[in-house]
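Printed here is upload.txt (compact mmCIF, C-alpha atoms):
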# COMPACT_ATOMS: atom_id res chain seq x y z
CA MET A 130 9.18 11.45 23.69
CA ALA A 131 10.82 9.71 26.66
CA LYS A 132 14.48 8.89 26.22
CA LYS A 133 15.41 5.22 25.97
CA THR A 134 18.38 3.14 27.06
CA PHE A 135 19.51 0.73 24.35
CA ILE A 136 21.62 -2.25 25.44
CA LEU A 137 23.57 -3.62 22.46
CA ASP A 138 24.52 -7.27 22.04
CA THR A 139 27.83 -8.26 20.45
CA ASN A 140 26.22 -9.52 17.25
CA VAL A 141 24.70 -6.07 16.58
CA LEU A 142 28.13 -4.44 16.59
CA ILE A 143 29.56 -7.22 14.42
CA HIS A 144 26.65 -6.91 11.97
CA ASP A 145 27.07 -3.13 11.72
CA PRO A 146 30.00 -1.34 13.40
CA GLU A 147 28.17 1.93 12.65
CA SER A 148 25.32 0.89 14.97
CA LEU A 149 26.96 2.88 17.78
CA THR A 150 25.43 6.01 16.27
CA ALA A 151 22.15 4.55 14.98
CA PHE A 152 19.90 5.28 17.98
CA GLU A 153 19.47 9.07 17.75
CA ASP A 154 19.75 11.04 21.01
CA ASN A 155 19.25 8.09 23.36
CA THR A 156 21.67 6.35 25.73
CA ILE A 157 23.69 3.42 24.37
CA ILE A 158 24.96 0.81 26.83
CA ILE A 159 27.64 -1.72 25.92
CA PRO A 160 27.99 -4.33 28.70
CA MET A 161 31.53 -5.33 29.65
CA ALA A 162 30.73 -8.89 28.53
CA VAL A 163 30.29 -7.52 25.00
CA ILE A 164 33.70 -5.82 25.17
CA GLU A 165 35.23 -9.14 26.23
CA GLU A 166 33.55 -10.97 23.33
CA LEU A 167 34.85 -8.33 20.90
CA ASP A 168 38.33 -8.76 22.40
CA ASN A 169 38.16 -12.52 21.78
CA LEU A 170 37.11 -11.93 18.15
CA LYS A 171 39.63 -9.23 17.23
CA ARG A 172 42.33 -11.67 16.09
CA SER A 173 40.02 -13.56 13.72
CA HIS A 174 40.79 -13.15 10.02
CA ASP A 175 37.14 -13.27 8.96
CA GLU A 176 34.53 -10.50 8.79
CA ARG A 177 33.73 -10.91 12.48
CA GLY A 178 37.33 -10.13 13.39
CA ARG A 179 37.44 -7.12 11.08
CA ALA A 180 34.18 -5.79 12.49
CA ALA A 181 35.46 -6.28 16.07
CA ARG A 182 38.61 -4.31 15.26
CA SER A 183 36.54 -1.60 13.60
CA VAL A 184 34.38 -1.22 16.72
CA ALA A 185 37.50 -1.11 18.91
CA ARG A 186 38.93 1.74 16.79
CA LYS A 187 35.65 3.68 17.02
CA LEU A 188 35.56 3.27 20.79
CA ASN A 189 39.19 4.34 21.04
CA ASN A 190 38.43 7.52 19.06
CA LEU A 191 35.51 8.29 21.39
CA ALA A 192 37.64 7.78 24.50
CA ILE A 193 39.26 11.21 24.11
CA LYS A 194 35.86 12.85 24.81
CA GLY A 195 35.43 11.52 28.34
CA LYS A 196 34.99 8.46 30.50
CA PHE A 197 32.95 5.48 29.30
CA SER A 198 31.79 4.78 32.84
CA GLU A 199 30.20 8.24 33.05
CA GLY A 200 28.93 8.41 29.48
CA ILE A 201 30.62 9.84 26.41
CA PRO A 202 28.58 12.32 24.33
CA LEU A 203 27.84 11.35 20.73
CA ASP A 204 27.45 13.70 17.78
CA ASN A 205 23.74 12.80 17.45
CA GLY A 206 22.97 14.04 20.97
CA GLY A 207 23.06 10.64 22.64
CA LYS A 208 25.68 9.19 24.94
CA LEU A 209 27.61 5.94 25.12
CA ILE A 210 28.33 4.02 28.32
CA ILE A 211 30.37 0.88 28.84
CA ASP A 212 28.59 -0.87 31.72
CA LEU A 213 30.93 -1.76 34.58
CA GLU A 214 28.21 -2.68 37.10
CA GLN A 215 28.15 -6.03 38.83
CA LYS A 216 25.47 -8.38 37.62
CA VAL A 217 22.18 -8.76 39.45
CA ASN A 218 20.29 -11.96 40.06
CA LEU A 219 18.01 -12.76 37.19
CA PRO A 220 14.48 -14.13 37.81
CA TYR A 221 15.64 -17.55 36.65
CA ASP A 222 18.67 -19.71 37.38
CA PHE A 223 20.70 -18.82 34.27
CA SER A 224 24.28 -20.06 34.11
CA ASN A 225 26.86 -17.39 34.93
CA ASP A 226 29.37 -19.02 32.57
CA LYS A 227 27.61 -17.77 29.45
CA LYS A 228 28.35 -14.30 28.13
CA ASP A 229 24.76 -14.03 26.84
CA ASN A 230 23.43 -14.31 30.38
CA LEU A 231 25.86 -11.68 31.66
CA ILE A 232 24.64 -9.32 28.93
CA LEU A 233 21.04 -10.07 29.93
CA SER A 234 21.95 -9.34 33.54
CA ALA A 235 23.35 -5.93 32.61
CA ALA A 236 20.12 -5.06 30.79
CA PHE A 237 18.01 -6.33 33.70
CA ALA A 238 20.00 -4.23 36.17
CA ARG A 239 19.29 -1.08 34.17
CA GLN A 240 15.60 -1.90 34.06
CA LYS A 241 15.52 -2.30 37.86
CA LYS A 242 16.67 1.34 38.02
CA ASN A 243 13.41 2.24 36.20
CA GLU A 244 15.24 3.09 33.00
CA ASN A 245 13.31 2.70 29.74
CA VAL A 246 15.44 -0.25 28.55
CA VAL A 247 15.38 -1.83 25.09
CA PHE A 248 17.67 -4.82 24.54
CA ILE A 249 18.93 -5.01 20.93
CA THR A 250 20.18 -8.37 19.63
CA LYS A 251 20.12 -10.32 16.40
CA ASP A 252 20.03 -13.60 18.32
CA ILE A 253 16.43 -14.87 18.22
CA ASN A 254 16.85 -17.20 21.20
CA LEU A 255 18.37 -14.43 23.28
CA ARG A 256 15.43 -12.17 22.45
CA ILE A 257 13.10 -14.93 23.65
CA LYS A 258 15.05 -15.26 26.92
CA ALA A 259 15.03 -11.48 27.40
CA GLU A 260 11.29 -11.19 26.85
CA ALA A 261 10.69 -14.16 29.16
CA ILE A 262 12.26 -12.26 32.07
CA GLY A 263 10.37 -9.07 31.29
CA LEU A 264 12.80 -7.14 29.10
CA VAL A 265 11.78 -5.38 25.90
CA ALA A 266 13.91 -7.04 23.20
CA GLU A 267 14.15 -6.10 19.53
CA ASP A 268 16.12 -7.00 16.44
CA TYR A 269 18.45 -4.40 14.93
CA GLU A 270 16.10 -2.77 12.44
CA LYS A 271 18.19 -0.03 10.81
CA GLU A 272 19.03 -2.01 7.67
CA LYS A 273 15.93 -4.20 7.45
CA ILE A 274 13.88 -4.24 4.27
CA LYS A 275 10.27 -5.42 4.12
CA ILE A 276 10.69 -8.45 1.89
CA GLU A 277 7.11 -8.36 0.61
CA GLN A 278 7.79 -4.85 -0.71
CA LEU A 279 11.12 -5.70 -2.35
CA TYR A 280 11.62 -4.10 -5.76
CA GLN A 281 10.78 -6.66 -8.47
CA GLY A 282 12.71 -5.19 -11.39
CA TYR A 283 9.75 -5.49 -13.75
CA ARG A 284 5.99 -4.90 -13.91
CA GLU A 285 3.00 -5.53 -16.15
CA MET A 286 1.26 -2.63 -17.89
CA ALA A 287 -2.15 -2.88 -19.60
CA VAL A 288 -2.32 -0.74 -22.78
CA LEU A 289 -4.34 -0.43 -25.96
CA GLY A 290 -3.47 -2.87 -28.74
CA ASP A 291 -2.52 0.02 -31.04
CA MET A 292 0.16 1.05 -28.59
CA ILE A 293 1.79 -2.40 -28.79
CA ASP A 294 1.69 -2.25 -32.61
CA LYS A 295 3.36 1.16 -32.48
CA PHE A 296 6.01 -0.18 -30.12
CA TYR A 297 6.89 -3.08 -32.44
CA LYS A 298 7.11 -0.69 -35.40
CA ASN A 299 9.25 2.03 -33.78
CA LYS A 300 11.16 -0.14 -31.24
CA SER A 301 10.24 2.43 -28.58
CA ILE A 302 7.31 4.38 -27.24
CA LYS A 303 7.04 7.35 -24.89
CA ILE A 304 5.03 6.99 -21.69
CA LYS A 305 3.81 9.53 -19.15
CA GLU A 306 4.47 7.35 -16.12
CA GLU A 307 7.97 7.64 -14.70
CA LEU A 308 9.47 4.25 -13.89
CA THR A 309 12.66 3.13 -12.19
CA ALA A 310 15.86 3.19 -14.27
CA ASN A 311 16.32 -0.09 -16.18
CA GLU A 312 12.96 -1.40 -15.01
CA PHE A 313 11.35 -3.88 -17.40
CA VAL A 314 7.76 -3.80 -18.54
CA ILE A 315 5.47 -6.49 -19.92
CA LEU A 316 3.03 -4.62 -22.16
CA LYS A 317 -0.33 -6.41 -22.46
CA ASP A 318 -3.29 -5.59 -24.68
CA GLU A 319 -6.27 -4.63 -22.50
CA SER A 320 -8.72 -6.49 -24.74
CA ASN A 321 -6.45 -9.37 -25.75
CA PRO A 322 -4.01 -10.54 -23.04
CA GLN A 323 -2.33 -12.89 -25.53
CA LYS A 324 -0.97 -9.85 -27.37
CA SER A 325 2.07 -8.53 -25.52
CA ALA A 326 5.54 -7.02 -25.81
CA LEU A 327 8.64 -6.83 -23.63
CA ALA A 328 10.31 -3.48 -23.00
CA LYS A 329 12.84 -1.68 -20.78
CA TYR A 330 12.47 1.83 -19.39
CA ASP A 331 15.02 4.42 -20.52
CA THR A 332 15.17 7.34 -18.04
CA LYS A 333 16.93 9.67 -20.49
CA LEU A 334 14.36 9.19 -23.26
CA LYS A 335 11.48 8.69 -20.79
CA SER A 336 10.44 5.88 -23.10
CA LEU A 337 10.01 2.15 -23.20
CA ILE A 338 12.58 0.67 -25.56
CA SER A 339 12.88 -2.73 -27.20
CA LEU A 340 15.11 -5.43 -25.71
CA ILE A 341 18.35 -6.17 -27.54
CA TYR A 342 19.30 -9.62 -26.21
CA LYS A 343 15.93 -11.28 -25.51
CA GLU A 344 16.46 -14.03 -28.11
CA SER A 345 20.23 -14.38 -27.65
CA ALA A 346 21.79 -17.81 -27.24
CA VAL A 347 24.67 -17.42 -24.78
CA TRP A 348 27.06 -20.36 -24.69
CA GLY A 349 24.30 -22.57 -26.01
CA LEU A 350 21.86 -21.26 -23.43
CA LYS A 351 18.57 -19.70 -24.52
CA PRO A 352 16.21 -17.93 -22.09
CA LEU A 353 13.30 -20.16 -21.12
CA ASN A 354 10.95 -17.53 -19.74
CA THR A 355 10.37 -13.78 -19.54
CA GLU A 356 12.41 -13.35 -16.36
CA GLN A 357 15.43 -15.00 -17.96
CA LYS A 358 15.08 -12.72 -21.00
CA PHE A 359 15.16 -9.72 -18.71
CA ALA A 360 18.18 -11.14 -16.88
CA PHE A 361 20.16 -11.64 -20.10
CA GLU A 362 19.37 -8.05 -21.09
CA LEU A 363 21.11 -6.85 -17.93
CA LEU A 364 23.90 -9.42 -17.95
CA LEU A 365 24.93 -8.71 -21.54
CA SER A 366 24.60 -4.92 -21.42
CA ASP A 367 27.94 -3.13 -21.06
CA ASN A 368 26.14 -0.12 -19.54
CA ILE A 369 25.06 -2.09 -16.46
CA GLN A 370 27.88 -2.27 -13.92
CA LEU A 371 25.99 -3.81 -11.01
CA LEU A 372 23.03 -6.17 -10.99
CA THR A 373 21.23 -8.45 -8.59
CA LEU A 374 19.42 -11.66 -9.48
CA VAL A 375 17.19 -12.70 -6.60
CA GLY A 376 14.60 -15.41 -6.27
CA VAL A 377 13.55 -19.03 -6.06
CA PRO A 378 15.97 -21.99 -6.34
CA GLY A 379 16.36 -23.36 -9.86
CA ALA A 380 15.47 -20.08 -11.58
CA GLY A 381 18.83 -20.08 -13.39
CA LYS A 382 20.43 -17.16 -11.55
CA THR A 383 23.91 -18.66 -11.31
CA LEU A 384 23.78 -20.49 -14.65
CA LEU A 385 22.73 -17.38 -16.61
CA SER A 386 25.40 -15.30 -14.86
CA LEU A 387 28.15 -17.79 -15.67
CA ALA A 388 27.02 -18.05 -19.31
CA ALA A 389 27.09 -14.27 -19.69
CA GLY A 390 30.44 -14.09 -17.90
CA LEU A 391 31.97 -16.64 -20.28
CA GLN A 392 30.51 -14.81 -23.27
CA LYS A 393 31.92 -11.45 -22.18
CA THR A 394 35.27 -12.83 -21.02
CA ILE A 395 36.16 -15.69 -23.37
CA ASP A 396 34.34 -14.71 -26.58
CA GLU A 397 34.04 -10.92 -26.59
CA LYS A 398 37.11 -10.26 -24.39
CA ILE A 399 35.39 -7.27 -22.78
CA TYR A 400 36.72 -8.43 -19.42
CA LYS A 401 40.08 -10.01 -18.72
CA ARG A 402 38.80 -12.53 -16.18
CA LEU A 403 35.66 -14.15 -14.79
CA LEU A 404 35.95 -14.01 -11.00
CA VAL A 405 33.51 -16.11 -8.96
CA GLY A 406 33.18 -15.59 -5.21
CA LYS A 407 30.94 -17.30 -2.71
CA SER A 408 30.17 -17.08 0.97
CA VAL A 409 31.51 -20.15 2.77
CA THR A 410 28.67 -20.38 5.28
CA PRO A 411 27.97 -24.10 5.82
CA VAL A 412 24.52 -25.65 5.40
CA GLY A 413 23.84 -27.83 8.43
CA LYS A 414 26.70 -29.15 10.56
CA ASP A 415 30.12 -27.87 9.49
CA ILE A 416 32.55 -30.62 8.42
CA GLY A 417 35.49 -28.83 10.03
CA TYR A 418 38.89 -27.97 8.61
CA LEU A 419 39.65 -29.00 5.04
CA PRO A 420 43.10 -30.19 3.86
CA GLY A 421 45.12 -28.82 0.95
CA THR A 422 46.02 -25.45 -0.57
CA LYS A 423 43.75 -22.41 -0.50
CA GLU A 424 42.46 -23.31 -3.99
CA GLU A 425 41.75 -26.89 -2.92
CA LYS A 426 39.90 -25.71 0.19
CA ILE A 427 37.79 -23.21 -1.77
CA SER A 428 36.92 -25.77 -4.43
CA GLN A 429 35.08 -27.83 -1.78
CA TRP A 430 32.58 -24.96 -1.44
CA MET A 431 32.22 -24.35 -5.16
CA GLY A 432 30.44 -27.54 -6.27
CA SER A 433 27.50 -25.67 -7.77
CA ILE A 434 29.84 -23.40 -9.74
CA TYR A 435 31.78 -26.35 -11.21
CA ASP A 436 28.53 -28.16 -12.04
CA ASN A 437 27.22 -25.16 -13.96
CA LEU A 438 30.52 -24.56 -15.75
CA GLU A 439 30.71 -28.18 -16.87
CA PHE A 440 27.12 -27.97 -18.09
CA LEU A 441 27.85 -24.85 -20.15
CA VAL A 442 31.12 -26.16 -21.59
CA ASP A 443 29.57 -29.49 -22.49
CA LYS A 444 26.58 -27.73 -24.07
CA ASN A 445 28.79 -25.40 -26.09
CA ASN A 446 31.51 -27.92 -27.04
CA PRO A 447 29.99 -31.41 -26.82
CA ASP A 448 32.90 -33.10 -28.64
CA GLU A 449 35.61 -31.90 -26.27
CA SER A 450 36.65 -33.21 -22.89
CA THR A 451 34.53 -31.21 -20.49
CA GLU A 452 36.77 -31.49 -17.43
CA ASP A 453 39.92 -30.63 -19.41
CA LYS A 454 38.23 -27.64 -21.00
CA VAL A 455 37.02 -26.28 -17.66
CA GLN A 456 40.42 -26.85 -16.09
CA TYR A 457 42.09 -24.99 -18.98
CA PHE A 458 40.05 -21.88 -18.15
CA PHE A 459 41.32 -22.00 -14.58
CA ASP A 460 44.93 -22.78 -15.54
CA SER A 461 44.99 -19.93 -18.07
CA GLY A 462 43.60 -17.46 -15.53
CA LYS A 463 40.42 -16.78 -17.50
CA ILE A 464 38.33 -18.02 -14.58
CA GLU A 465 39.23 -17.55 -10.92
CA ILE A 466 37.35 -18.68 -7.83
CA GLU A 467 37.86 -16.89 -4.55
CA ALA A 468 36.53 -16.98 -1.01
CA LEU A 469 34.96 -13.64 -0.19
CA ALA A 470 37.27 -13.19 2.80
CA PHE A 471 40.22 -12.87 0.39
CA LEU A 472 38.64 -10.09 -1.69
CA ARG A 473 39.22 -7.47 1.00
CA GLY A 474 42.06 -5.13 0.09
CA ARG A 475 42.04 -6.07 -3.59
CA SER A 476 41.37 -3.69 -6.46
CA ILE A 477 39.71 -5.60 -9.29
CA PRO A 478 39.64 -3.81 -12.68
CA ARG A 479 38.12 -5.12 -15.94
CA GLN A 480 36.67 -8.27 -14.48
CA PHE A 481 33.25 -9.92 -14.57
CA ILE A 482 32.55 -10.71 -10.92
CA ILE A 483 29.84 -13.11 -9.77
CA ILE A 484 29.04 -13.30 -6.05
CA ASP A 485 26.94 -16.40 -5.49
CA ASP A 486 24.71 -17.00 -2.43
CA ALA A 487 24.97 -13.30 -1.53
CA GLN A 488 21.98 -13.66 0.81
CA ASN A 489 24.41 -14.92 3.47
CA LEU A 490 26.27 -11.59 3.56
CA THR A 491 25.65 -8.62 5.85
CA PRO A 492 25.16 -5.12 4.40
CA HIS A 493 28.67 -4.27 5.62
CA GLU A 494 30.16 -7.27 3.80
CA ILE A 495 28.26 -6.38 0.60
CA LYS A 496 29.68 -2.85 0.75
CA THR A 497 33.19 -4.24 1.23
CA ILE A 498 32.89 -6.49 -1.83
CA ILE A 499 31.38 -3.94 -4.22
CA SER A 500 33.94 -1.33 -3.21
CA ARG A 501 36.64 -3.70 -4.59
CA ALA A 502 35.38 -3.17 -8.15
CA GLY A 503 37.91 -1.29 -10.25
CA ASP A 504 37.48 0.55 -13.54
CA GLY A 505 35.58 -1.44 -16.18
CA THR A 506 34.39 -4.15 -13.77
CA LYS A 507 30.88 -5.62 -13.69
CA VAL A 508 29.47 -7.15 -10.49
CA VAL A 509 26.62 -9.68 -10.41
CA LEU A 510 25.14 -10.83 -7.10
CA THR A 511 22.81 -13.82 -6.94
CA GLY A 512 20.85 -15.34 -4.10
CA ASP A 513 17.60 -16.39 -2.49
CA PRO A 514 16.62 -14.38 0.62
CA TYR A 515 14.64 -17.37 1.90
CA GLN A 516 17.68 -19.69 1.94
CA ILE A 517 19.91 -18.06 4.53
CA ASP A 518 22.45 -20.07 6.51
CA ASN A 519 23.87 -17.17 8.55
CA PRO A 520 22.25 -17.44 12.02
CA TYR A 521 22.07 -13.66 12.49
CA LEU A 522 20.46 -12.77 9.15
CA ASP A 523 17.00 -13.23 7.72
CA ALA A 524 15.12 -12.39 4.53
CA GLU A 525 14.77 -8.75 5.59
CA SER A 526 18.17 -8.00 7.13
CA ASN A 527 20.66 -9.61 4.72
CA GLY A 528 22.97 -7.55 2.54
CA LEU A 529 21.44 -8.68 -0.76
CA THR A 530 17.95 -7.29 -0.12
CA TYR A 531 19.50 -4.18 1.46
CA LEU A 532 21.50 -3.61 -1.73
CA VAL A 533 18.42 -3.95 -3.96
CA GLU A 534 16.56 -1.22 -2.12
CA ARG A 535 19.53 1.13 -1.85
CA PHE A 536 20.61 0.88 -5.51
CA LYS A 537 17.26 0.80 -7.29
CA GLY A 538 16.93 3.80 -9.59
CA GLN A 539 20.67 4.07 -10.34
CA LYS A 540 21.35 4.23 -14.08
CA THR A 541 24.13 1.61 -13.99
CA TYR A 542 22.15 -0.86 -11.84
CA GLY A 543 19.61 -3.53 -12.75
CA HIS A 544 17.61 -6.13 -10.85
CA ILE A 545 15.33 -9.10 -11.48
CA ASN A 546 13.33 -10.97 -8.86
CA PHE A 547 12.76 -14.50 -10.18
CA LYS A 548 9.53 -16.28 -9.29
CA LYS A 549 9.66 -19.24 -11.68
CA THR A 550 12.02 -22.20 -11.43
CA GLU A 551 13.31 -23.99 -14.54
CA ARG A 552 15.49 -26.66 -12.92
CA SER A 553 12.90 -29.44 -12.98
CA GLN A 554 9.29 -30.16 -12.14
CA LEU A 555 10.46 -31.73 -8.88
CA ALA A 556 12.44 -28.60 -7.95
CA ALA A 557 9.45 -26.42 -8.75
CA LEU A 558 7.21 -28.52 -6.50
CA ALA A 559 9.77 -28.43 -3.69
CA GLY A 560 9.94 -24.64 -3.88
CA GLU A 561 6.16 -24.40 -3.82
CA LEU A 562 5.26 -27.05 -1.24
CA LEU A 563 8.18 -27.28 1.22
The structure in this file should be written as structure tokens.
Amino acid sequence: MAKKTFILDTNVLIHDPESLTAFEDNTIIIPMAVIEELDNLKRSHDERGRAARSVARKLNNLAIKGKFSEGIPLDNGGKLIIDLEQKVNLPYDFSNDKKDNLILSAAFARQKKNENVVFITKDINLRIKAEAIGLVAEDYEKEKIKIEQLYQGYREMAVLGDMIDKFYKNKSIKIKEELTANEFVILKDESNPQKSALAKYDTKLKSLISLIYKESAVWGLKPLNTEQKFAFELLLSDNIQLLTLVGVPGAGKTLLSLAAGLQKTIDEKIYKRLLVGKSVTPVGKDIGYLPGTKEEKISQWMGSIYDNLEFLVDKNNPDESTEDKVQYFFDSGKIEIEALAFLRGRSIPRQFIIIDDAQNLTPHEIKTIISRAGDGTKVVLTGDPYQIDNPYLDAESNGLTYLVERFKGQKTYGHINFKKTERSQLAALAGELL
């Protein structure tokens, strides 16, 4: 197969600093304009700045092997070049003031040398511009997951009615088919679909076992559908250390997680704190800098969390002052809210962690967050892959869907993909029609 020359955009390196070695034995070109953009980002205190510094360290370690202008050999058989060539005239009057156009120019210059060039960028508009001038342009595919094939966390299984009777009697039943660890099953009678049972697969017993928490009322909250029953089974199980709740708006992902977190932290005292984190990616036009302390700034992004907490507290203690009760949990340290940027470097033992809107995180950011979990900590990630506000992510490349596919089958991991909304009839119609 003919060797290729991959030109990497800045956003690819920021998305995955390991992308330098992700193109097998081909040639990797980093235009000087990309190096300048990384240099401008390196002082930022967000994930972009950390990624830029990580790339700089990797390049510095490679520098001992040779000269970037001539090509530095990589362990996978490829080579890495930092492009120092002067730009060539593009077949359109693009502005020279934009770094994107300088990067395009570097790719176009390589193509004019008859190199088999592929321009890699996560910027959709830049891919359109590249293809318009005759360049082959692709998204960074290494961590993409086909969303239509995403693991659901449960399945239906048609069986004989006698098998369902046996399951109800013995609370378990052996099956020949090997399922994914902690995968749920809806058993349905072949001849009578109204006859059914809910079960979870146990890999050690190679059996379907009965649910423990399917009828539990958690902080006044009862599951309204089968998916919510499955979710509570994972949320309330002390054997599950990591779980993902993915799906449509209004399915109850955040509300169920908070209810379970309060149950395990306040009532059962299994965990010493309920820690809630959220990506602070704005929807629509950003409102700019916010005044106040760190806590006051973060609270502006946490409206949905406060709404759900007030709902649960009011439902569980209708005679008490809702706002005072919620504030007491924060003042006593039982509940903490945190911007995800501040989780880096922390070790978090014996805490129930909820990461809301995790679809806005890259795979690298997801790894950073989960690696903060200390001994005895449970991590719950919620999100909807179709509601992404990060301009360089989509339903197939975000960290949440990546995590689902990488962790499925692990004995301490569980997942549910919600398809039914319970917020309101209006919300259900919006999810279906808009």
Practice problem: Might you pull out every residue within 7 Å of Ile159 (chain A), with only C-alpha atoms counted and same-chain residues fewer than 3 positions away left off, and present them as a ChimeraX atom specification? | Solution: /A:136-137,163,210-212
Go ahead and write the selection's residues with C-alpha atoms as an mmCIF file, in the frame of the given file.
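As a result, out-v8.cif now contains:
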data_model
loop_
_atom_site.group_PDB
_atom_site.id
_atom_site.type_symbol
_atom_site.label_atom_id
_atom_site.label_comp_id
_atom_site.auth_asym_id
_atom_site.auth_seq_id
_atom_site.Cartn_x
_atom_site.Cartn_y
_atom_site.Cartn_z
ATOM 1 C CA ILE A 136 21.620 -2.250 25.440
ATOM 2 C CA LEU A 137 23.570 -3.620 22.460
ATOM 3 C CA VAL A 163 30.290 -7.520 25.000
ATOM 4 C CA ILE A 210 28.330 4.020 28.320
ATOM 5 C CA ILE A 211 30.370 0.880 28.840
ATOM 6 C CA ASP A 212 28.590 -0.870 31.720
#
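We find CA of Asp145 (chain A) and CA of Val184 (chain A) to be spaced 9.1 Å apart.
Minimum atom-to-atom distance to Ile483 (chain A), evaluated using all atoms listed in the file, belongs to A:Ile498 out of A:Ile193, A:Ile498, A:Leu340, A:Val141.
The residue that comes closest to Ala346 (chain A), out of A:Thr373, A:Gln516, A:Ser148, A:Gln392 and on the basis of all atoms listed in the file, is A:Gln392.
Compared by their closest atoms to Ala131 (chain A), and using only C-alpha atoms, the residues A:Thr506, A:Ser366, A:Asn546, A:Asn155 rank with A:Asn155 nearest.
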Practice problem: Calculate how many Å separate CA of Leu532 (chain A) from CA of Gln357 (chain A), rounding to one decimal. | Solution: 20.7 Å
Self-check item: Spatial neighbours of region 486-495 of chain A, max dist 8 Å, all atoms listed in the file, sep filter under 2 positions, as a list in words
Solution: His144, Asp145, Glu176, Glu272, Lys407, Ser408, Thr410, Ile484, Thr497, Ile498, Ile499, Leu510, Thr511, Gly512, Asp513, Pro514, Gln516, Ile517, Asp518, Asn519, Leu522, Ala524, Ser526, Asn527, Gly528, Leu529, Thr530, Tyr531 and Leu532 of chain A
